[in-house]
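Q: One structure follows; several queries about it will come next.
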Amino acid sequence: MSYNPFHKKKNFLSTKMMKLSSLLVLFFVFPIAFAQLRVGFYSQSCPQAETIVRNLVRQRFGVDQTVTAALLRMHFHDCFVRGCDASLLIDGTNSEKTAGPNGSVREFALIDQIKAQLEAACPSTVSCADIITLATRDSVFLAGGPSYSIPTGRRDGLVSNNVDVALPGPTISVSGAVSLFTNKGMNVFDAVALIGAHTVGKGNCGLFSDRFTNFQGTGRPDPAMDPALVSSLRNTCANSATASLDQSTPLRFDNQFFKQLRKKRGVFQLDQRLATDRQTRGVVARYASNNAYFKRQFVRAIIKMGAVDVLTGRAGEIRRNCRRFN
């Protein structure tokens with residue numbers, strides 16, 4: 001169950017039950033992380049922390065709704081390299097931020113803004129890793145996605161090297177992509193749900209232009225792509241460097257992405273393969289047929305991802321500036 005963080009008035013009993021549900025789910029899904037992270041970690045040390053994050057994310061969303069896609073990308077890219085430790089935020093000529101796959105990660109200024117307000121309210125208390133996690137959660141809700149309690153208590157890493165970044169591209173095989181997630185303690189339902197975040201994503205045309213021009217050197221478009229989408233992407237990419245990965249509701253967090261895949265309208269090659277690969281096609285079908293089910297599974301998956309290789313207790317540090325180590 002989940003709660004709506006943007007409503008100030010809540011039913012007391014319902015809130016207690018929802019938090020208990022989140023805690024139980026997390027305990028059985030990720031017991032080690034559960035022992036170290038907890039919902040409401042800052043309730044005593046910085047009670048206004050989540051409100052500060054929420055308000056600044058809402059303000060930014062009002063200006064640019066693509067902030068949801070940007071924060072989801074940041075969260076994923078951070079967690080899948082050395083764990084969710086905000087190592088992606090560090091500036092430097094050889095930091096993770098300079099690696100090729102991270103060239104399109106953005107909204108660092110928003111994280112800086114949130115951190116500045118948190119430092120003013122509660123110095124050296126809220127980690128940059130938790131800021132990314134909370135900001136992502138709030139942006140998903142603003143885009144029409146689920147609201148959910150997220151455990152906090154992460155600490156910031158002390159290492160950030162671009163050589164550690166080995167994130168896959170959009171042409172990776174389905175089995176390769178699923179393995180990336182299972183190696184982090186997740187399953188195929190989690191993998192497909194998290195890739196489903198592409199429902200609000202955009203892709204650089206250079207990453208898929210071969211699919212609508214010269215697929216694998218054939219001189220023809222990818223036969224797995226809907227001809228109408230081929231024509232549409234040609235027009236879009238002739239005038240823009242990017243295209244929406246969900247051609248139906250590109251700014252809404254919903255299951256339309258999966259419905260598009262079942263109509264051969266996936267933009268990335270990996271995305272389209274999800275709908276036909278025997279390992280994932282059944283999951284895609286279930287998500288496509290039930291928006292509420294997809295959102296519930298996404299919550300489970302992103303809570304799991306947020307607990308990957310986290311630093312807690314006395315490990316790491318609480319940075320005063322997210323861009324550099326203390």
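Going by the structure tokens order, chains are called A, B, ..., each with residues numbered from 1, while ligands are numbered from 1 in the order shown.
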If we count only C-alpha atoms and set the cut-off at 6 Å, which residues sit around region 119-129 of chain A, ignoring sequence neighbours fewer than 5 positions away in its own chain? Please answer as a tab-separated table (two decimals) with N, CA, C and O atoms, in the first residue's frame.
A:
chain	number	residue	atom	x	y	z
A	46	CYS	N	15.93	15.50	11.30
A	46	CYS	CA	15.59	16.56	10.34
A	46	CYS	C	14.17	16.34	9.86
A	46	CYS	O	13.93	15.91	8.73
A	85	ASP	N	25.01	5.47	-3.70
A	85	ASP	CA	25.87	6.24	-2.79
A	85	ASP	C	26.19	7.65	-3.27
A	85	ASP	O	27.07	8.31	-2.74
A	86	ALA	N	25.45	8.11	-4.29
A	86	ALA	CA	25.63	9.47	-4.84
A	86	ALA	C	27.03	9.70	-5.42
A	86	ALA	O	27.45	10.84	-5.58
A	155	ARG	N	24.23	6.57	3.21
A	155	ARG	CA	25.31	7.52	3.36
A	155	ARG	C	26.04	7.65	2.03
A	155	ARG	O	25.89	6.81	1.13
A	156	ASP	N	26.81	8.71	1.89
A	156	ASP	CA	27.46	9.02	0.62
A	156	ASP	C	28.81	8.34	0.48
A	156	ASP	O	29.57	8.23	1.45
A	318	ILE	N	28.40	11.96	5.20
A	318	ILE	CA	27.29	12.83	4.80
A	318	ILE	C	27.93	14.07	4.19
A	318	ILE	O	28.49	14.90	4.90
A	320	ARG	N	28.64	17.64	2.66
A	320	ARG	CA	28.09	18.98	2.82
A	320	ARG	C	27.77	19.60	1.46
A	320	ARG	O	26.90	20.45	1.35
A	322	CYS	N	27.18	18.06	-2.47
A	322	CYS	CA	27.03	16.80	-3.18
A	322	CYS	C	28.05	16.60	-4.29
A	322	CYS	O	28.29	15.46	-4.72
Q: If we count only C-alpha atoms and set the cut-off at 8 Å, which residues sit around Thr242 (chain A), ignoring sequence neighbours fewer than 2 positions away in its own chain? Please answer as a list in words.
A: Lys202, Gly203, Asn204, Cys205, Thr236, Cys237, Ser240 and Ser244 of chain A
Q: Under the rule that only C-alpha atoms are counted, which of A:Gly185, A:Gly62, A:Gly201, A:Gly316 is the nearest residue to Thr249 (chain A)?
A: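 Under the stated criterion, the closest residue is A:Gly201.
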Q: For Ile303 (chain A), which residue among A:Phe108, A:Phe208, A:Phe41, A:Phe76 is the nearest when counting only C-alpha atoms?
A: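 The shortest atom-to-atom distance to Ile303 (chain A) comes from A:Phe76.
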Q: Find the residues around Leu251 (chain A) up to 12 Å (only C-alpha atoms counted), leave out those fewer than 3 positions away in its own chain, and share them as a VMD selection string.
A: chain A and resid 61 64 to 70 139 to 145 197 to 202 244 to 248 254 to 257
Q: Keeping only C-alpha atoms, write the selected residues as a compact mmCIF listing (two decimals), in the first residue's frame.
A:
# COMPACT_ATOMS: atom_id res chain seq x y z
CA PHE A 61 8.28 19.84 -12.18
CA ASP A 64 9.89 21.16 -16.72
CA GLN A 65 7.95 17.89 -16.54
CA THR A 66 10.86 15.94 -18.02
CA VAL A 67 12.51 16.19 -14.59
CA THR A 68 10.88 12.83 -13.78
CA ALA A 69 12.78 11.05 -16.54
CA ALA A 70 15.99 12.84 -15.58
CA SER A 139 8.88 13.21 -9.31
CA VAL A 140 7.33 9.85 -10.22
CA PHE A 141 4.20 10.73 -8.27
CA LEU A 142 3.94 14.14 -9.95
CA ALA A 143 4.01 12.45 -13.37
CA GLY A 144 1.02 10.32 -12.45
CA GLY A 145 2.94 7.41 -11.01
CA ALA A 197 10.33 3.85 -16.49
CA HIS A 198 10.99 4.55 -20.17
CA THR A 199 7.31 5.50 -20.20
CA VAL A 200 8.50 9.04 -19.42
CA GLY A 201 11.90 8.77 -21.11
CA LYS A 202 13.56 10.21 -24.16
CA SER A 244 10.08 9.99 -26.73
CA LEU A 245 10.38 6.31 -25.80
CA ASP A 246 6.64 6.18 -25.14
CA GLN A 247 4.93 7.56 -28.23
CA SER A 248 1.50 7.51 -26.59
CA ASP A 254 1.66 4.71 -16.83
CA ASN A 255 1.58 1.35 -18.60
CA GLN A 256 1.08 2.78 -22.10
CA PHE A 257 4.76 2.03 -22.75
Q: Find the residue from A:Leu118, A:Cys79, A:Cys84, A:Leu37 that sits nearest to Asn55 (chain A); use only C-alpha atoms when measuring.
A: A:Leu118
Q: Looking at A:Ile131, A:Leu56, A:Met74, A:Leu194, which one is nearest to Asn321 (chain A), with distances taken over only C-alpha atoms?
A: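 Ranked by minimum distance to Asn321 (chain A), first place goes to A:Ile131.
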Q: So what do you get for CA of Ala116 (chain A) versus CA of Thr152 (chain A), distance-wise?
A: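 Answer for the CA of Ala116 (chain A) to CA of Thr152 (chain A) separation: 18.7 Å.
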